[in-house]
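Participant: Following this message is one structure expressed as C-alpha cells.
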Amino acid sequence: MSKFDHMTKEQLIALLERREREAAYGLVWEREEIEPDRYLNDDFVALDLDLELSQGASPYRNLIIEGDNFDALRYLRMTHSGKVKCIYIDPPYNTGNRDFVYNDRFFDKTNRFRHSTWLEFMSQRLMLARDLLHPDGVIFVSIDDNELFPLGMLMHRVFGEKNFVANCIWQKRYSRENRETIGDAHEYLLVYAANSERFKVVRNLVPPTEDQAKVYKNTNKDPKGRWRAIPMTAQGYRPNQMYEITTPTGVIHRPPEGRCWSMIESQYLKLLEEGRIYFGKSGDSQPSVIRYLSEVEGFVPWTWWPHEEVGHTDEARKEIQNFFGTQTAFQTPKPVRLIERILRIATGPGDLILDFFAGSGTTAHAVLKLNAEDSGQRRFILVSNAEATEEQPDKNLCRDVCAERVRRVIEGYSNRKGESVAGLGGDFAYLRSRLLPRHRLDVQLEHDQVWHALQMLHDHPLRAWSEGSLGWSEVQDHALGYLADLRNTTVKRVQQRLGDWQTEAVIYCWAPDRLAAMLPGVEARPIPETLAERFGRGRNHSRKDEVQ
C-alpha cells in the first residue's frame with residue numbers, strides 16, 4: 001500500500017505543486033528508500049590499544065585504527081577537531097565489480113539504489129572529515145568516472161563550492177587501453193580546502209623533476225652552476241616598460257608587438273651590471289634573464305599529473321608485491337609517488353595527515369619516506385576496516401595488509417628480487433574501536449580508554465596505560481594527569497608531580513569536587529562528562545573551544 005493511496009486527486013496535485021515550488025538546485029539521492037548503514041549509530045566510541053600489533057615502544061606518535069571509519073571519525077572529531085592538515089582518501093569507486101563492501105557484502109551493478117547508497121555512505125563520513133580539517137587544511141579524494149560527478153556535487157555541499165581547489169588528473173597507465181570505446185587512462189583527485197584562500201597562501205610548490213631540470217645547463221662553466229635563459233618580455237603594454245635595449249654587438253631591440261619588457265629599465269640595468277642578461281651565443285639576440293637552477297624553489301602545482309612524475313598502477317602493484325610476494329594482497333593500491341606529491345603540496349614537516357580509507361597503507365609509507373628525506377616530523381592516522389564479508393568472515397585487511405606493510409617500511413624488508421630494503425624508522429599504535437552506550441560510560445568506560453582519549457585530546461604522544469591508578473604525561477610545557485581513583489597514595493603522587501612542575505598542568509578524575517577538597521587550588525576536569533560532552537559536540541565545536 002502506498003503512502004499516497006489515501007489522498008484525493010486534488011491533494012496529490014497540491015502536493016506536487018508544493019514540491020515544484022520547493023525544488024532547489026543541487027544533489028538529490030534516495031535517502032529514504034536505501035538500506036540503512038548498519039554502522040551508523042549514536043554510541044560512544046572508545047579505542048583499545050593492542051601492544052602486540054603496535055610498532056615500536058610507547059609513546060607512539062602515529063596511529064592505525066581498526067574499525068569502521070564512521071566510528072573512528074566520530075572519535076577523532078572528539079580528539080582531533082581542527083587539527084588535521086591533510087586528508088587523503090581512496091574510497092570505493094562503486095564500479096559494481098566487488099569493490100564496495102556495504103553491510104558486510106559487496107554491492108553489484110544490479111542494485112537499484114547502488115549510487116544513492118554510496119552517496120549516503122560517503123556523505124556521512126565526509127561531514128565528519130570536514131570537522132577535522134585545520135583552518136589551512138585540505139582534502140584530496142581519489143575517484144574515477146563511475147562517481148566523479150556525484151562526488152563533486154557532494155563535496156560542493158559538504159565543503160562549500162567556494163572551497164573547491166582543483167580536479168587533478170592522474171595518468172594511471174603508461175600503456176594503451178583498448179578494451180573500452182575510448183581507452184581509460186586516468187583517474188581524478190578532487191581537491192577541497194577548509195578555506196581555499198588560506199590554502200592558496202600556504203600550499204607548497206612542487207620540486208622540479210630531473211626532466212624539468214634538464215633545460216638548465218652550464219655550457220660556459222658559470223661558477224654559480226646550471227642556468228637557463230628566460231625571455232624578458234611580458235604580455236600587455238606598460239609605458240615604463242617600453243624602452244629600447246642595445247645588445248653588446250650594437251643591435252637595438254624593442255618589445256615585440258602586443259608585449260612589453262618584463263621589468264622597468266632600472267631593474268634591467270641592475271641585472272645587466274650583475275651579468276644576469278643573456279643576448280644569445282652571438283650577442284645580438286633579444287635579451288633574456290639568466291635564472292640559475294639553484295634559485296628554483298619549485299613550480300606551482302598543475303592539475304595534470306603524468307605517470308612519469310607520480311607513478312602508475314603497475315608501479316603500485318609491484319610495490320605491493322615487494323611486501324607480500326604477490327600483487328593480489330591488495331587489489332587497488334596507489335603508488336607511493338602519487339601520495340608523496342600530495343604531501344609535498346599540502347604539508348610541512350610537523351603536520352598531521354589522515355587517511356580513513358587506508359587500504360594497503362600507502363599514505364603512511366609516503367609520510368615515512370618524506371620524513372626520512374627532510375628529517376620532518378609528520379604524523380599519520382590511518383583508519384581501515386577488517387573488510388570481512390559473508391564470504392570471507394576471517395579477513396582482516398587492517399591487521400594483515402595495512403599495518404603489516406607499514407611495519408615492514410619501518411623495520412626494513414626484502415623486496416621481490418630478494419634485495420634488502422632499509423627501514424625508514426618510525427612507530428605506530430594499533431588501536432581497535434569499541435562501541436559503548438552513552439548512558440553507561442560511568443560503568444563501562446575503562447581507564448586505558450580514558451587515558452588514550454585524553455592524550456590525543458591534548459596532543460600528547462600515546463602512552464600505554466600502566467595498569468596503575470595514575471596516568472601522567474609531560475610534553476614541553478604541558479603536563480597531563482588522569483587519576484583512576486582518589487586513594488591517598490594516588491593523590492600524594494599527583495601532589496608530588498605538581499610540586500615538581502612549574503607550568504601548565506591539566507588534571508582529570510572521576511570526582512573532581514573530592515579532589516579539590518583533598519588538593520586545594522587544583523582544578524580537575526570531570527570524567528566521563530568531559531569526553532561525553534566533546535564526543536557529542538559535533539559541528540557546534542569551533543577552534544575557540546579547543547582544549548588549551
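Please note that chains go A, B, ... in the order of the C-alpha cells, that every chain numbers its residues from 1, and that ligands are numbered from 1 in the order shown.
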Which residues, written as a list in words, have at least one atom at most 9 Å from Ser294 (chain A), with only C-alpha atoms counted and residues fewer than 2 positions away on the same chain left out?
Facilitator: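 Here the qualifying residues turn out to be Lys224, Gly225, Arg226, Trp227, Arg291, Tyr292, Val296 and Glu297 of chain A.
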Participant: As a ChimeraX atom specification, please: every residue in region 57-153 of chain A that DSSP puts in strand (DSSP E or B).
Facilitator: /A:60,63-66,84-89,97-102,105-108,133-143
Participant: Could you pull out the helix (DSSP H, G or I) residues of region 68-278 of chain A from DSSP and send them as a ChimeraX atom specification?
Facilitator: /A:69-80,114-132,148-159,161-163,196-202,210-213,239-241,265-273
Participant: Can you tell me, as a ChimeraX atom specification, what residues are no more than 12 Å from Glu404 (chain A) when counting only C-alpha atoms, ignoring any on the same chain fewer than 6 positions away?
Facilitator: /A:53-55,64,320,323-324,329,359-362,364-365,396-398,410-413,428,430
Participant: Mind pulling up the distance from CA of Lys109 (chain A) to CA of Thr95 (chain A)?
Facilitator: 7.4 Å
Participant: Fewer than 5 positions away in the same chain doesn't count, so skip those; otherwise give me all residues within 9 Å of Phe299 (chain A), counting only C-alpha atoms, as a ChimeraX atom specification.
Facilitator: /A:204-208
Participant: Keeping only N, CA and C atoms, write the selected residues to a file as a PDB file, in the first residue's frame.
Facilitator:
```pdb
ATOM      1  N   ASN A 204      52.426  24.446  -0.845  1.00  0.00           N
ATOM      2  CA  ASN A 204      53.823  24.426  -1.255  1.00  0.00           C
ATOM      3  C   ASN A 204      53.958  24.309  -2.772  1.00  0.00           C
ATOM      4  N   LEU A 205      55.138  24.636  -3.262  1.00  0.00           N
ATOM      5  CA  LEU A 205      55.474  24.432  -4.664  1.00  0.00           C
ATOM      6  C   LEU A 205      55.937  22.992  -4.875  1.00  0.00           C
ATOM      7  N   VAL A 206      55.854  22.530  -6.103  1.00  0.00           N
ATOM      8  CA  VAL A 206      56.296  21.182  -6.443  1.00  0.00           C
ATOM      9  C   VAL A 206      57.748  21.239  -6.876  1.00  0.00           C
ATOM     10  N   PRO A 207      58.627  20.443  -6.271  1.00  0.00           N
ATOM     11  CA  PRO A 207      60.040  20.463  -6.682  1.00  0.00           C
ATOM     12  C   PRO A 207      60.181  20.091  -8.153  1.00  0.00           C
ATOM     13  N   PRO A 208      61.174  20.657  -8.837  1.00  0.00           N
ATOM     14  CA  PRO A 208      61.363  20.314 -10.244  1.00  0.00           C
ATOM     15  C   PRO A 208      61.818  18.873 -10.410  1.00  0.00           C
TER      16      PRO A 208
END
```
Participant: Can you pull out the residues contacting region 483-486 of chain A? Cut-off 8 Å, using only C-alpha atoms, and skip same-chain residues under 4 positions away; I want them as a list of chain:residue names.
Facilitator: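 Near region 483-486 of chain A, the qualifying residues are A:His447, A:Gly468, A:Ser469, A:Leu470, A:Gly471, A:Thr490, A:Val491, A:Ile507, A:Tyr508, A:Cys509, A:Trp510, A:Leu515.
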Participant: Pick out the residues sitting within 12 Å of Ile143 (chain A), and hand them over as a ChimeraX atom specification; count only C-alpha atoms, and ignore anything fewer than 5 positions along from it in its own chain.
Facilitator: /A:88-95,148-152,167-170,172,186-191,332,334
Participant: Export, as a tab-separated table (two decimals), in the first residue's frame, the selected residues with N, CA and C atoms.
Facilitator:
```tsv
chain	number	residue	atom	x	y	z
A	88	TYR	N	43.86	12.49	2.89
A	88	TYR	CA	43.80	11.81	1.60
A	88	TYR	C	42.96	10.56	1.77
A	89	ILE	N	42.02	10.32	0.87
A	89	ILE	CA	41.25	9.08	0.90
A	89	ILE	C	41.11	8.51	-0.50
A	90	ASP	N	41.07	7.20	-0.54
A	90	ASP	CA	40.86	6.44	-1.77
A	90	ASP	C	39.65	5.55	-1.52
A	91	PRO	N	38.43	6.12	-1.57
A	91	PRO	CA	37.23	5.36	-1.21
A	91	PRO	C	36.88	4.34	-2.29
A	92	PRO	N	35.95	3.43	-2.01
A	92	PRO	CA	35.49	2.52	-3.07
A	92	PRO	C	34.90	3.31	-4.22
A	93	TYR	N	35.24	2.90	-5.44
A	93	TYR	CA	34.80	3.65	-6.62
A	93	TYR	C	33.38	3.27	-7.06
A	94	ASN	N	32.82	2.26	-6.43
A	94	ASN	CA	31.44	1.84	-6.73
A	94	ASN	C	31.28	1.47	-8.20
A	95	THR	N	32.21	0.67	-8.68
A	95	THR	CA	32.16	0.23	-10.08
A	95	THR	C	31.16	-0.89	-10.30
A	148	LEU	N	32.45	10.29	-10.26
A	148	LEU	CA	33.10	11.60	-10.25
A	148	LEU	C	32.10	12.74	-10.08
A	149	PHE	N	31.05	12.76	-10.90
A	149	PHE	CA	30.13	13.91	-10.89
A	149	PHE	C	29.28	13.94	-9.62
A	150	PRO	N	28.72	12.80	-9.16
A	150	PRO	CA	28.01	12.86	-7.87
A	150	PRO	C	28.93	13.25	-6.72
A	151	LEU	N	30.18	12.74	-6.71
A	151	LEU	CA	31.09	13.08	-5.63
A	151	LEU	C	31.42	14.57	-5.64
A	152	GLY	N	31.63	15.14	-6.83
A	152	GLY	CA	31.92	16.57	-6.90
A	152	GLY	C	30.79	17.41	-6.34
A	167	ASN	N	40.52	19.83	-9.75
A	167	ASN	CA	40.28	18.44	-10.10
A	167	ASN	C	41.52	17.97	-10.86
A	168	CYS	N	42.41	17.29	-10.15
A	168	CYS	CA	43.67	16.87	-10.75
A	168	CYS	C	43.49	15.57	-11.52
A	169	ILE	N	44.17	15.44	-12.63
A	169	ILE	CA	44.09	14.27	-13.49
A	169	ILE	C	45.36	13.45	-13.31
A	170	TRP	N	45.21	12.22	-12.82
A	170	TRP	CA	46.35	11.32	-12.65
A	170	TRP	C	46.38	10.33	-13.80
A	172	LYS	N	47.12	7.16	-14.88
A	172	LYS	CA	47.40	5.92	-14.17
A	172	LYS	C	48.03	4.84	-15.04
A	186	HIS	N	43.16	7.40	-17.08
A	186	HIS	CA	43.38	8.31	-15.97
A	186	HIS	C	42.33	8.14	-14.88
A	187	GLU	N	42.64	8.69	-13.72
A	187	GLU	CA	41.70	8.86	-12.62
A	187	GLU	C	41.80	10.32	-12.17
A	188	TYR	N	41.03	10.64	-11.12
A	188	TYR	CA	40.93	12.03	-10.67
A	188	TYR	C	41.30	12.15	-9.19
A	189	LEU	N	41.70	13.35	-8.81
A	189	LEU	CA	41.86	13.71	-7.41
A	189	LEU	C	41.10	15.01	-7.21
A	190	LEU	N	39.94	14.91	-6.54
A	190	LEU	CA	39.18	16.12	-6.20
A	190	LEU	C	39.80	16.77	-4.98
A	191	VAL	N	40.04	18.06	-5.06
A	191	VAL	CA	40.74	18.78	-4.01
A	191	VAL	C	39.86	19.90	-3.47
A	332	THR	N	43.70	-2.73	-5.37
A	332	THR	CA	43.68	-1.39	-5.99
A	332	THR	C	44.61	-0.42	-5.26
A	334	LYS	N	47.55	2.47	-4.62
A	334	LYS	CA	48.05	3.68	-5.27
A	334	LYS	C	49.58	3.71	-5.11
```
Participant: Contacts of Asn322 (chain A) at 12 Å or less, counting only C-alpha atoms, minus same-chain residues fewer than 5 places along, as a ChimeraX atom specification?
Facilitator: /A:315-317,327-329,405,408-409,412-421
Participant: Compare A:Pro437, A:Gly423, A:Asn195, A:Glu387 by their minimum atom-to-atom distance to Asp400 (chain A), counting only C-alpha atoms, and give me the closest one.
Facilitator: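 The shortest atom-to-atom distance to Asp400 (chain A) comes from A:Glu387.
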Participant: What does the distance from CA of Leu40 (chain A) to CA of Gln444 (chain A) come to in Å, to one decimal?
Facilitator: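 Going from CA of Leu40 (chain A) over to CA of Gln444 (chain A), I get 20.6 Å.
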Participant: How far is it from CA of Ile230 (chain A) to CA of Ser288 (chain A), in Å with one decimal?
Facilitator: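 Taking CA of Ile230 (chain A) and CA of Ser288 (chain A), their separation equals 5.1 Å.
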Participant: Which one is closest to Arg493 (chain A): A:Trp29, A:Leu519, A:Lys200, A:Thr8? Count only C-alpha atoms.
Facilitator: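 Once distances to Arg493 (chain A) are computed over only C-alpha atoms, the minimum belongs to A:Leu519.
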